[in-house]
>>> print(open('structure-v1.cif').read())   # mmCIF, C-alpha atoms
data_structure
loop_
_atom_site.group_PDB
_atom_site.id
_atom_site.type_symbol
_atom_site.label_atom_id
_atom_site.label_comp_id
_atom_site.auth_asym_id
_atom_site.auth_seq_id
_atom_site.Cartn_x
_atom_site.Cartn_y
_atom_site.Cartn_z
ATOM 1 C CA MET A 606 20.979 -61.038 30.616
ATOM 2 C CA THR A 607 17.475 -61.512 29.375
ATOM 3 C CA ASP A 608 17.174 -57.806 28.523
ATOM 4 C CA LEU A 609 20.461 -57.966 26.510
ATOM 5 C CA LYS A 610 19.185 -60.884 24.433
ATOM 6 C CA GLU A 611 15.992 -59.036 23.698
ATOM 7 C CA ARG A 612 17.906 -55.935 22.465
ATOM 8 C CA VAL A 613 20.228 -57.831 20.095
ATOM 9 C CA PRO A 614 18.359 -58.655 16.890
ATOM 10 C CA SER A 615 18.452 -62.309 15.989
ATOM 11 C CA ARG A 616 19.983 -63.429 12.708
ATOM 12 C CA THR A 617 17.287 -64.504 10.364
ATOM 13 C CA THR A 618 17.601 -65.760 6.816
ATOM 14 C CA PRO A 619 16.619 -63.174 4.190
ATOM 15 C CA PRO A 620 13.377 -63.773 2.400
ATOM 16 C CA PRO A 621 13.752 -65.628 -0.879
ATOM 17 C CA VAL A 622 13.952 -63.501 -3.975
ATOM 18 C CA ARG A 623 10.892 -63.932 -6.098
ATOM 19 C CA THR A 624 11.597 -64.387 -9.749
ATOM 20 C CA ARG A 625 9.034 -63.851 -12.410
ATOM 21 C CA ALA A 626 8.393 -67.223 -13.953
ATOM 22 C CA THR A 627 7.831 -67.353 -17.675
ATOM 23 C CA SER A 628 4.579 -69.035 -18.545
ATOM 24 C CA PRO A 629 4.710 -71.943 -21.016
ATOM 25 C CA ALA A 630 2.446 -70.109 -23.449
ATOM 26 C CA ARG A 631 4.708 -67.064 -23.444
ATOM 27 C CA ALA A 632 7.784 -69.218 -24.033
ATOM 28 C CA VAL A 633 6.093 -70.983 -26.946
ATOM 29 C CA LEU A 634 5.117 -67.667 -28.538
ATOM 30 C CA LYS A 635 8.652 -66.323 -28.108
ATOM 31 C CA HIS A 636 10.239 -69.371 -29.763
ATOM 32 C CA ALA A 637 7.645 -69.346 -32.544
ATOM 33 C CA ALA A 638 8.420 -65.698 -33.287
ATOM 34 C CA LEU A 639 12.172 -66.426 -33.373
ATOM 35 C CA ILE A 640 11.654 -69.402 -35.696
ATOM 36 C CA LEU A 641 9.451 -67.317 -37.997
ATOM 37 C CA LEU A 642 12.037 -64.533 -38.097
ATOM 38 C CA ALA A 643 14.791 -67.057 -38.851
ATOM 39 C CA LEU A 644 12.763 -68.509 -41.717
ATOM 40 C CA VAL A 645 12.193 -65.041 -43.166
ATOM 41 C CA MET A 646 15.942 -64.368 -43.049
ATOM 42 C CA LEU A 647 16.815 -67.777 -44.538
ATOM 43 C CA TYR A 648 14.154 -67.698 -47.247
ATOM 44 C CA PRO A 649 16.373 -66.085 -49.962
ATOM 45 C CA VAL A 650 19.067 -68.700 -49.378
ATOM 46 C CA LEU A 651 16.563 -71.558 -49.386
ATOM 47 C CA TRP A 652 14.943 -70.198 -52.556
ATOM 48 C CA MET A 653 18.346 -70.049 -54.253
ATOM 49 C CA VAL A 654 19.101 -73.650 -53.282
ATOM 50 C CA VAL A 655 15.700 -74.798 -54.570
ATOM 51 C CA SER A 656 16.096 -72.770 -57.777
ATOM 52 C CA SER A 657 19.437 -74.442 -58.441
ATOM 53 C CA LEU A 658 17.509 -77.713 -58.802
ATOM 54 C CA ARG A 659 14.735 -76.391 -61.062
ATOM 55 C CA PRO A 660 14.561 -76.183 -64.864
ATOM 56 C CA ASN A 661 15.399 -72.762 -66.252
ATOM 57 C CA ASN A 662 11.816 -72.006 -67.347
ATOM 58 C CA GLU A 663 10.310 -72.738 -63.909
ATOM 59 C CA ILE A 664 12.596 -70.685 -61.666
ATOM 60 C CA PHE A 665 10.637 -67.414 -61.691
ATOM 61 C CA ARG A 666 7.149 -68.872 -62.039
ATOM 62 C CA SER A 667 6.558 -69.364 -58.332
ATOM 63 C CA PRO A 668 8.134 -67.828 -55.214
ATOM 64 C CA GLY A 669 7.483 -71.023 -53.277
ATOM 65 C CA LEU A 670 9.968 -73.684 -52.230
ATOM 66 C CA ALA A 671 8.157 -76.718 -53.638
ATOM 67 C CA LEU A 672 9.998 -78.820 -56.209
ATOM 68 C CA SER A 673 8.176 -80.524 -59.065
ATOM 69 C CA GLY A 674 11.354 -82.346 -60.067
ATOM 70 C CA LEU A 675 15.102 -82.380 -59.517
ATOM 71 C CA ARG A 676 17.445 -81.125 -62.219
ATOM 72 C CA ILE A 677 20.884 -81.941 -60.878
ATOM 73 C CA GLU A 678 22.344 -81.249 -64.325
ATOM 74 C CA ASN A 679 22.417 -77.538 -63.407
ATOM 75 C CA TYR A 680 25.516 -78.196 -61.304
ATOM 76 C CA SER A 681 27.439 -80.047 -64.006
ATOM 77 C CA GLU A 682 26.425 -77.545 -66.672
ATOM 78 C CA GLY A 683 27.285 -74.576 -64.459
ATOM 79 C CA TRP A 684 30.664 -76.069 -63.550
ATOM 80 C CA ASN A 685 31.708 -76.158 -67.214
ATOM 81 C CA ALA A 686 29.655 -73.255 -68.601
ATOM 82 C CA LEU A 687 32.463 -70.673 -68.724
ATOM 83 C CA SER A 688 35.811 -70.662 -70.499
ATOM 84 C CA SER A 689 37.406 -72.506 -67.563
ATOM 85 C CA PRO A 690 35.907 -74.949 -65.064
ATOM 86 C CA PHE A 691 34.397 -73.266 -62.040
ATOM 87 C CA GLY A 692 37.063 -74.859 -59.860
ATOM 88 C CA HIS A 693 39.598 -72.553 -61.531
ATOM 89 C CA TYR A 694 37.774 -69.493 -60.173
ATOM 90 C CA LEU A 695 37.511 -71.093 -56.742
ATOM 91 C CA ILE A 696 41.295 -71.487 -56.722
ATOM 92 C CA ASN A 697 41.736 -67.827 -57.735
ATOM 93 C CA SER A 698 39.494 -66.711 -54.878
ATOM 94 C CA ALA A 699 41.344 -68.999 -52.476
ATOM 95 C CA ILE A 700 44.682 -67.404 -53.448
ATOM 96 C CA VAL A 701 43.338 -63.888 -52.906
ATOM 97 C CA VAL A 702 41.641 -64.810 -49.637
ATOM 98 C CA LEU A 703 44.713 -66.574 -48.256
ATOM 99 C CA GLY A 704 46.945 -63.595 -49.050
ATOM 100 C CA CYS A 705 44.481 -61.128 -47.504
ATOM 101 C CA VAL A 706 44.058 -63.196 -44.334
ATOM 102 C CA ILE A 707 47.813 -63.543 -43.805
ATOM 103 C CA GLY A 708 48.369 -59.859 -44.556
ATOM 104 C CA ASN A 709 45.740 -58.661 -42.103
ATOM 105 C CA LEU A 710 46.894 -61.002 -39.339
ATOM 106 C CA VAL A 711 50.527 -59.897 -39.624
ATOM 107 C CA SER A 712 50.190 -56.166 -40.274
ATOM 108 C CA CYS A 713 47.155 -55.395 -38.103
ATOM 109 C CA SER A 714 48.568 -57.245 -35.097
ATOM 110 C CA LEU A 715 51.867 -55.346 -35.350
ATOM 111 C CA ALA A 716 50.107 -51.990 -35.743
ATOM 112 C CA ALA A 717 47.766 -52.783 -32.859
ATOM 113 C CA TYR A 718 50.670 -53.678 -30.552
ATOM 114 C CA ALA A 719 52.372 -50.389 -31.420
ATOM 115 C CA PHE A 720 49.252 -48.342 -30.621
ATOM 116 C CA ALA A 721 48.465 -50.281 -27.440
ATOM 117 C CA ARG A 722 51.899 -50.764 -25.863
ATOM 118 C CA LEU A 723 54.446 -48.370 -27.386
ATOM 119 C CA GLU A 724 54.873 -44.667 -26.694
ATOM 120 C CA PHE A 725 55.909 -42.448 -29.601
ATOM 121 C CA THR A 726 55.398 -38.902 -30.799
ATOM 122 C CA GLY A 727 52.000 -38.280 -32.406
ATOM 123 C CA LYS A 728 50.537 -41.564 -31.232
ATOM 124 C CA LYS A 729 47.076 -40.153 -30.499
ATOM 125 C CA VAL A 730 47.013 -38.201 -33.765
ATOM 126 C CA PHE A 731 47.960 -41.219 -35.849
ATOM 127 C CA PHE A 732 45.396 -43.341 -34.014
ATOM 128 C CA ALA A 733 42.664 -40.768 -34.679
ATOM 129 C CA VAL A 734 43.626 -40.573 -38.357
ATOM 130 C CA MET A 735 43.567 -44.370 -38.553
ATOM 131 C CA LEU A 736 40.062 -44.462 -37.073
ATOM 132 C CA GLY A 737 38.969 -41.714 -39.458
ATOM 133 C CA THR A 738 39.796 -43.912 -42.445
ATOM 134 C CA ILE A 739 36.984 -46.250 -41.399
ATOM 135 C CA MET A 740 34.481 -43.592 -42.515
ATOM 136 C CA LEU A 741 35.997 -43.359 -46.016
ATOM 137 C CA PRO A 742 34.016 -45.420 -48.548
ATOM 138 C CA ILE A 743 36.001 -47.437 -51.044
ATOM 139 C CA HIS A 744 34.507 -45.450 -53.931
ATOM 140 C CA VAL A 745 36.403 -42.354 -52.740
ATOM 141 C CA ILE A 746 39.847 -43.959 -52.827
ATOM 142 C CA ILE A 747 39.400 -46.416 -55.691
ATOM 143 C CA VAL A 748 40.413 -43.898 -58.403
ATOM 144 C CA PRO A 749 43.781 -42.827 -56.890
ATOM 145 C CA GLN A 750 44.478 -46.438 -55.973
ATOM 146 C CA TYR A 751 43.771 -47.574 -59.533
ATOM 147 C CA ILE A 752 46.098 -44.890 -60.946
ATOM 148 C CA LEU A 753 48.857 -45.925 -58.531
ATOM 149 C CA PHE A 754 48.528 -49.646 -59.261
ATOM 150 C CA SER A 755 48.312 -48.939 -63.006
ATOM 151 C CA GLN A 756 51.625 -47.075 -62.883
ATOM 152 C CA LEU A 757 53.149 -50.004 -60.995
ATOM 153 C CA GLY A 758 51.885 -52.428 -63.658
ATOM 154 C CA TRP A 759 49.753 -54.382 -61.211
ATOM 155 C CA ILE A 760 46.443 -54.216 -63.102
ATOM 156 C CA ASN A 761 45.037 -57.622 -64.012
ATOM 157 C CA THR A 762 47.019 -59.283 -61.218
ATOM 158 C CA PHE A 763 46.182 -60.278 -57.649
ATOM 159 C CA LEU A 764 48.686 -57.799 -56.200
ATOM 160 C CA PRO A 765 46.287 -54.805 -55.814
ATOM 161 C CA LEU A 766 43.974 -57.049 -53.802
ATOM 162 C CA ILE A 767 46.636 -58.616 -51.545
ATOM 163 C CA VAL A 768 49.533 -56.184 -51.060
ATOM 164 C CA PRO A 769 47.509 -53.411 -49.278
ATOM 165 C CA LYS A 770 46.528 -55.945 -46.609
ATOM 166 C CA PHE A 771 50.202 -56.200 -45.591
ATOM 167 C CA LEU A 772 50.201 -52.448 -44.885
ATOM 168 C CA ALA A 773 47.485 -52.523 -42.171
ATOM 169 C CA THR A 774 44.932 -50.700 -44.334
ATOM 170 C CA ASP A 775 41.932 -52.284 -42.584
ATOM 171 C CA ALA A 776 41.512 -49.892 -39.654
ATOM 172 C CA PHE A 777 38.615 -51.879 -38.235
ATOM 173 C CA PHE A 778 40.825 -54.863 -37.436
ATOM 174 C CA VAL A 779 43.578 -52.632 -36.039
ATOM 175 C CA PHE A 780 41.061 -51.043 -33.686
ATOM 176 C CA LEU A 781 39.684 -54.477 -32.750
ATOM 177 C CA MET A 782 43.127 -55.756 -31.782
ATOM 178 C CA VAL A 783 44.079 -52.527 -29.986
ATOM 179 C CA GLN A 784 41.052 -52.880 -27.734
ATOM 180 C CA PHE A 785 41.896 -56.527 -27.102
ATOM 181 C CA ILE A 786 45.547 -55.821 -26.216
ATOM 182 C CA ARG A 787 44.522 -52.996 -23.890
ATOM 183 C CA GLY A 788 42.497 -55.540 -21.951
ATOM 184 C CA LEU A 789 45.580 -57.678 -21.274
ATOM 185 C CA PRO A 790 47.358 -57.027 -17.949
ATOM 186 C CA ARG A 791 50.487 -54.919 -18.293
ATOM 187 C CA GLU A 792 52.052 -56.951 -15.484
ATOM 188 C CA LEU A 793 52.755 -59.673 -18.048
ATOM 189 C CA ASP A 794 54.842 -57.240 -20.104
ATOM 190 C CA GLU A 795 56.665 -55.991 -17.024
ATOM 191 C CA ALA A 796 57.477 -59.520 -15.891
ATOM 192 C CA ALA A 797 58.892 -60.359 -19.315
ATOM 193 C CA ARG A 798 60.856 -57.084 -19.379
ATOM 194 C CA ILE A 799 62.420 -57.941 -15.994
ATOM 195 C CA ASP A 800 63.648 -61.193 -17.541
ATOM 196 C CA GLY A 801 65.372 -59.163 -20.255
ATOM 197 C CA ALA A 802 62.792 -59.483 -23.014
ATOM 198 C CA GLY A 803 62.369 -56.702 -25.564
ATOM 199 C CA HIS A 804 59.287 -55.674 -27.499
ATOM 200 C CA ARG A 805 59.856 -58.368 -30.126
ATOM 201 C CA VAL A 806 59.911 -61.160 -27.564
ATOM 202 C CA ILE A 807 57.024 -59.669 -25.598
ATOM 203 C CA PHE A 808 54.903 -59.450 -28.726
ATOM 204 C CA LEU A 809 55.713 -62.923 -30.032
ATOM 205 C CA ARG A 810 55.734 -64.885 -26.763
ATOM 206 C CA VAL A 811 53.446 -62.955 -24.414
ATOM 207 C CA VAL A 812 50.882 -60.880 -26.311
ATOM 208 C CA LEU A 813 50.409 -62.860 -29.515
ATOM 209 C CA PRO A 814 49.463 -66.200 -27.864
ATOM 210 C CA LEU A 815 46.785 -64.391 -25.838
ATOM 211 C CA MET A 816 45.357 -62.731 -28.961
ATOM 212 C CA VAL A 817 43.974 -65.939 -30.467
ATOM 213 C CA PRO A 818 40.290 -64.852 -30.200
ATOM 214 C CA ALA A 819 40.996 -61.483 -31.835
ATOM 215 C CA LEU A 820 43.159 -63.085 -34.519
ATOM 216 C CA ALA A 821 40.469 -65.658 -35.269
ATOM 217 C CA THR A 822 37.840 -62.924 -35.526
ATOM 218 C CA THR A 823 40.051 -60.987 -37.943
ATOM 219 C CA ALA A 824 40.705 -64.090 -40.050
ATOM 220 C CA ILE A 825 37.023 -65.023 -40.301
ATOM 221 C CA PHE A 826 35.820 -61.534 -41.185
ATOM 222 C CA THR A 827 38.641 -61.080 -43.707
ATOM 223 C CA PHE A 828 37.800 -64.424 -45.297
ATOM 224 C CA ILE A 829 34.091 -63.630 -45.644
ATOM 225 C CA TRP A 830 34.543 -60.035 -46.826
ATOM 226 C CA THR A 831 37.251 -60.900 -49.351
ATOM 227 C CA TRP A 832 35.457 -63.964 -50.677
ATOM 228 C CA ASN A 833 32.274 -61.937 -51.275
ATOM 229 C CA ASP A 834 34.040 -58.817 -52.578
ATOM 230 C CA PHE A 835 32.853 -57.995 -56.087
ATOM 231 C CA PHE A 836 33.617 -54.342 -56.721
ATOM 232 C CA SER A 837 37.385 -54.326 -56.158
ATOM 233 C CA GLN A 838 37.924 -57.594 -57.980
ATOM 234 C CA LEU A 839 35.851 -56.385 -60.923
ATOM 235 C CA ILE A 840 37.944 -53.195 -61.162
ATOM 236 C CA TYR A 841 41.401 -54.781 -61.069
ATOM 237 C CA LEU A 842 40.797 -58.137 -62.835
ATOM 238 C CA THR A 843 40.056 -57.863 -66.549
ATOM 239 C CA ASP A 844 41.371 -61.177 -67.870
ATOM 240 C CA PRO A 845 38.733 -63.958 -67.609
ATOM 241 C CA ASP A 846 41.508 -66.344 -66.598
ATOM 242 C CA LYS A 847 42.099 -64.192 -63.476
ATOM 243 C CA TYR A 848 38.443 -63.956 -62.454
ATOM 244 C CA THR A 849 37.497 -64.793 -58.892
ATOM 245 C CA VAL A 850 34.195 -66.376 -57.870
ATOM 246 C CA PRO A 851 32.061 -63.186 -57.601
ATOM 247 C CA VAL A 852 33.243 -61.896 -60.995
ATOM 248 C CA ALA A 853 32.813 -65.332 -62.567
ATOM 249 C CA LEU A 854 29.224 -65.530 -61.338
ATOM 250 C CA ARG A 855 28.546 -62.219 -63.067
ATOM 251 C CA SER A 856 29.647 -63.823 -66.339
ATOM 252 C CA TYR A 857 26.621 -66.129 -66.279
ATOM 253 C CA VAL A 858 24.335 -63.117 -66.867
ATOM 254 C CA ASP A 859 24.424 -61.983 -70.490
ATOM 255 C CA ALA A 860 22.075 -59.333 -71.876
ATOM 256 C CA THR A 861 22.543 -60.508 -75.476
ATOM 257 C CA VAL A 862 21.594 -64.159 -75.002
ATOM 258 C CA SER A 863 19.336 -66.088 -72.655
ATOM 259 C CA THR A 864 20.745 -66.385 -69.144
ATOM 260 C CA SER A 865 21.162 -69.828 -67.629
ATOM 261 C CA TRP A 866 19.713 -69.008 -64.223
ATOM 262 C CA GLY A 867 19.768 -72.587 -63.022
ATOM 263 C CA SER A 868 23.495 -72.901 -63.647
ATOM 264 C CA MET A 869 24.181 -69.548 -62.018
ATOM 265 C CA PHE A 870 22.193 -70.434 -58.898
ATOM 266 C CA ALA A 871 23.918 -73.822 -58.740
ATOM 267 C CA MET A 872 27.366 -72.221 -58.768
ATOM 268 C CA SER A 873 26.162 -69.608 -56.267
ATOM 269 C CA VAL A 874 25.347 -72.445 -53.880
ATOM 270 C CA VAL A 875 28.816 -73.914 -54.465
ATOM 271 C CA SER A 876 30.444 -70.532 -53.804
ATOM 272 C CA LEU A 877 28.567 -70.141 -50.511
ATOM 273 C CA LEU A 878 29.785 -73.438 -49.067
ATOM 274 C CA PRO A 879 33.277 -72.131 -48.072
ATOM 275 C CA VAL A 880 31.672 -69.143 -46.326
ATOM 276 C CA PHE A 881 29.319 -71.363 -44.334
ATOM 277 C CA LEU A 882 32.133 -73.736 -43.395
ATOM 278 C CA ALA A 883 34.398 -70.878 -42.305
ATOM 279 C CA PHE A 884 31.645 -69.402 -40.141
ATOM 280 C CA LEU A 885 30.623 -72.723 -38.588
ATOM 281 C CA LEU A 886 34.189 -73.801 -37.811
ATOM 282 C CA GLY A 887 35.199 -70.430 -36.402
ATOM 283 C CA GLN A 888 31.967 -69.429 -34.677
ATOM 284 C CA ARG A 889 33.333 -70.219 -31.202
ATOM 285 C CA PHE A 890 36.390 -68.009 -31.714
ATOM 286 C CA LEU A 891 34.285 -65.329 -33.409
ATOM 287 C CA VAL A 892 31.890 -64.963 -30.486
ATOM 288 C CA LYS A 893 34.711 -65.093 -27.936
ATOM 289 C CA GLY A 894 36.759 -62.499 -29.792
ATOM 290 C CA ILE A 895 33.890 -60.015 -30.054
ATOM 291 C CA ALA A 896 32.742 -60.619 -26.475
ATOM 292 C CA THR A 897 36.171 -60.079 -24.934
ATOM 293 C CA THR A 898 37.200 -57.070 -27.033
ATOM 294 C CA GLY A 899 37.383 -53.937 -24.907
ATOM 295 C CA ILE A 900 36.979 -55.694 -21.549
ATOM 296 C CA LYS A 901 39.378 -54.187 -19.057
#
>>> encode(input="structure-v1.cif", output="structure tokens")
Amino acid sequence: MTDLKERVPSRTTPPPVRTRATSPARAVLKHAALILLALVMLYPVLWMVVSSLRPNNEIFRSPGLALSGLRIENYSEGWNALSSPFGHYLINSAIVVLGCVIGNLVSCSLAAYAFARLEFTGKKVFFAVMLGTIMLPIHVIIVPQYILFSQLGWINTFLPLIVPKFLATDAFFVFLMVQFIRGLPRELDEAARIDGAGHRVIFLRVVLPLMVPALATTAIFTFIWTWNDFFSQLIYLTDPDKYTVPVALRSYVDATVSTSWGSMFAMSVVSLLPVFLAFLLGQRFLVKGIATTGIK
């Protein structure tokens, strides 16, 4: 009995795993480097905010952020500097952004469900062609699009900016939602199909409620990209009454007369507030949507 006990190895607790502790000095240096990098990235925005409160003749004298005095009048002058109050252009941008967000959410989610759950002839070919459109720059397709919209009589309206979003033209968001839907268990679809549900019910009651992170990511990116879009809006909108915020800001710069830089920077700060609010309010959904996309 004694020999048997000696042959059987006794259970001993494994040695503790040694972790490399971060020294306080190293942690301080790491945080200092991150803070310095953040300040470098935020400097242009901070300089614009400070310049919006400076007189026009002092804006480009110093690259620093110190203020010798506050000139709040830049905001009131910039608000009424153009043919219409700046709030008019904010409303125009809001209309375009709202239409683009709704269009992308509806069309891209439907296209993504078709690619992820349905089986049809040429599915892989169509999906590859859809992904290939991501590599096409807008400057390649802007001329045929302009000719088409001109023949339809849509120039100088919001339709060329909104209607294509209802046709799932943003392949990036389709691909994002396809990867998200592929990560959902197919057992949910099969359980709903056993209960007699078709694809319409499965999409609306099973898949769509689980796609909230991907939908929120699509909405936030569409909002930011559309709000900051200058090229497309400059091409299709020629009437100053139809100008959106980016095109209206360009109107402050005039080569024939002196430019009111203080007013332009003041309205630039105003135009950035909706973008910051959209990002701050949707940051939780944005991170969750990107983190969970593609997870099987």
>>> closest_residue(input="structure-v1.cif", among="A:Val734, A:Ser667, A:Ser698, A:Val779", to="A:Tyr718", atoms="all atoms listed in the file")
A:Val779
>>> residues_around(input="structure-v1.cif", residues="A:Phe870", least_positions_apart="6", cutoff="12 Å", atoms="all atoms listed in the file", output="list in words")
Pro649, Val650, Leu651, Trp652, Met653, Val654, Val655, Ser656, Ser657, Leu658, Arg659, Pro660, Asn661, Ile664, Ile677, Asn679, Tyr680, Glu682, Gly683, Trp684, Leu854, Arg855, Tyr857, Val858, Thr864, Ser876 and Leu877 of chain A
>>> atom_distance(input="structure-v1.cif", atom1="atom CA of A:Leu703", atom2="atom CA of A:Phe763")
11.4 Å
>>> residues_around(input="structure-v1.cif", residues="A:Arg787", least_positions_apart="2", cutoff="12 Å", atoms="only C-alpha atoms", output="list in words")
Ala717, Tyr718, Ala719, Phe720, Ala721, Arg722, Leu723, Phe780, Leu781, Met782, Val783, Gln784, Phe785, Leu789, Pro790, Arg791, Glu792, Asp794, Val812, Leu815, Met816, Thr897, Thr898, Gly899, Ile900 and Lys901 of chain A
>>> resolve_selection(input="structure-v1.cif", expression="the PyMOL selection byres ((chain A and resi 832) around 12)", output="PDB file with C-alpha atoms, in the coordinates of the input")
ATOM      1  CA  TYR A 694      37.774 -69.493 -60.173  1.00  0.00           C
ATOM      2  CA  LEU A 695      37.511 -71.093 -56.742  1.00  0.00           C
ATOM      3  CA  ILE A 696      41.295 -71.487 -56.722  1.00  0.00           C
ATOM      4  CA  ASN A 697      41.736 -67.827 -57.735  1.00  0.00           C
ATOM      5  CA  SER A 698      39.494 -66.711 -54.878  1.00  0.00           C
ATOM      6  CA  ALA A 699      41.344 -68.999 -52.476  1.00  0.00           C
ATOM      7  CA  ILE A 700      44.682 -67.404 -53.448  1.00  0.00           C
ATOM      8  CA  VAL A 701      43.338 -63.888 -52.906  1.00  0.00           C
ATOM      9  CA  VAL A 702      41.641 -64.810 -49.637  1.00  0.00           C
ATOM     10  CA  LEU A 703      44.713 -66.574 -48.256  1.00  0.00           C
ATOM     11  CA  GLY A 704      46.945 -63.595 -49.050  1.00  0.00           C
ATOM     12  CA  CYS A 705      44.481 -61.128 -47.504  1.00  0.00           C
ATOM     13  CA  VAL A 706      44.058 -63.196 -44.334  1.00  0.00           C
ATOM     14  CA  LEU A 766      43.974 -57.049 -53.802  1.00  0.00           C
ATOM     15  CA  ALA A 824      40.705 -64.090 -40.050  1.00  0.00           C
ATOM     16  CA  ILE A 825      37.023 -65.023 -40.301  1.00  0.00           C
ATOM     17  CA  PHE A 826      35.820 -61.534 -41.185  1.00  0.00           C
ATOM     18  CA  THR A 827      38.641 -61.080 -43.707  1.00  0.00           C
ATOM     19  CA  PHE A 828      37.800 -64.424 -45.297  1.00  0.00           C
ATOM     20  CA  ILE A 829      34.091 -63.630 -45.644  1.00  0.00           C
ATOM     21  CA  TRP A 830      34.543 -60.035 -46.826  1.00  0.00           C
ATOM     22  CA  THR A 831      37.251 -60.900 -49.351  1.00  0.00           C
ATOM     23  CA  ASN A 833      32.274 -61.937 -51.275  1.00  0.00           C
ATOM     24  CA  ASP A 834      34.040 -58.817 -52.578  1.00  0.00           C
ATOM     25  CA  PHE A 835      32.853 -57.995 -56.087  1.00  0.00           C
ATOM     26  CA  PHE A 836      33.617 -54.342 -56.721  1.00  0.00           C
ATOM     27  CA  SER A 837      37.385 -54.326 -56.158  1.00  0.00           C
ATOM     28  CA  GLN A 838      37.924 -57.594 -57.980  1.00  0.00           C
ATOM     29  CA  THR A 849      37.497 -64.793 -58.892  1.00  0.00           C
ATOM     30  CA  VAL A 850      34.195 -66.376 -57.870  1.00  0.00           C
ATOM     31  CA  PRO A 851      32.061 -63.186 -57.601  1.00  0.00           C
ATOM     32  CA  VAL A 852      33.243 -61.896 -60.995  1.00  0.00           C
ATOM     33  CA  SER A 876      30.444 -70.532 -53.804  1.00  0.00           C
ATOM     34  CA  LEU A 877      28.567 -70.141 -50.511  1.00  0.00           C
ATOM     35  CA  LEU A 878      29.785 -73.438 -49.067  1.00  0.00           C
ATOM     36  CA  PRO A 879      33.277 -72.131 -48.072  1.00  0.00           C
ATOM     37  CA  VAL A 880      31.672 -69.143 -46.326  1.00  0.00           C
ATOM     38  CA  PHE A 881      29.319 -71.363 -44.334  1.00  0.00           C
ATOM     39  CA  ALA A 883      34.398 -70.878 -42.305  1.00  0.00           C
TER      40      ALA A 883
END
>>> atom_distance(input="structure-v1.cif", atom1="atom CA of A:Glu795", atom2="atom CA of A:Val711")
23.7 Å
>>> atom_distance(input="structure-v1.cif", atom1="atom CA of A:Asp775", atom2="atom CA of A:Gly708")
10.1 Å
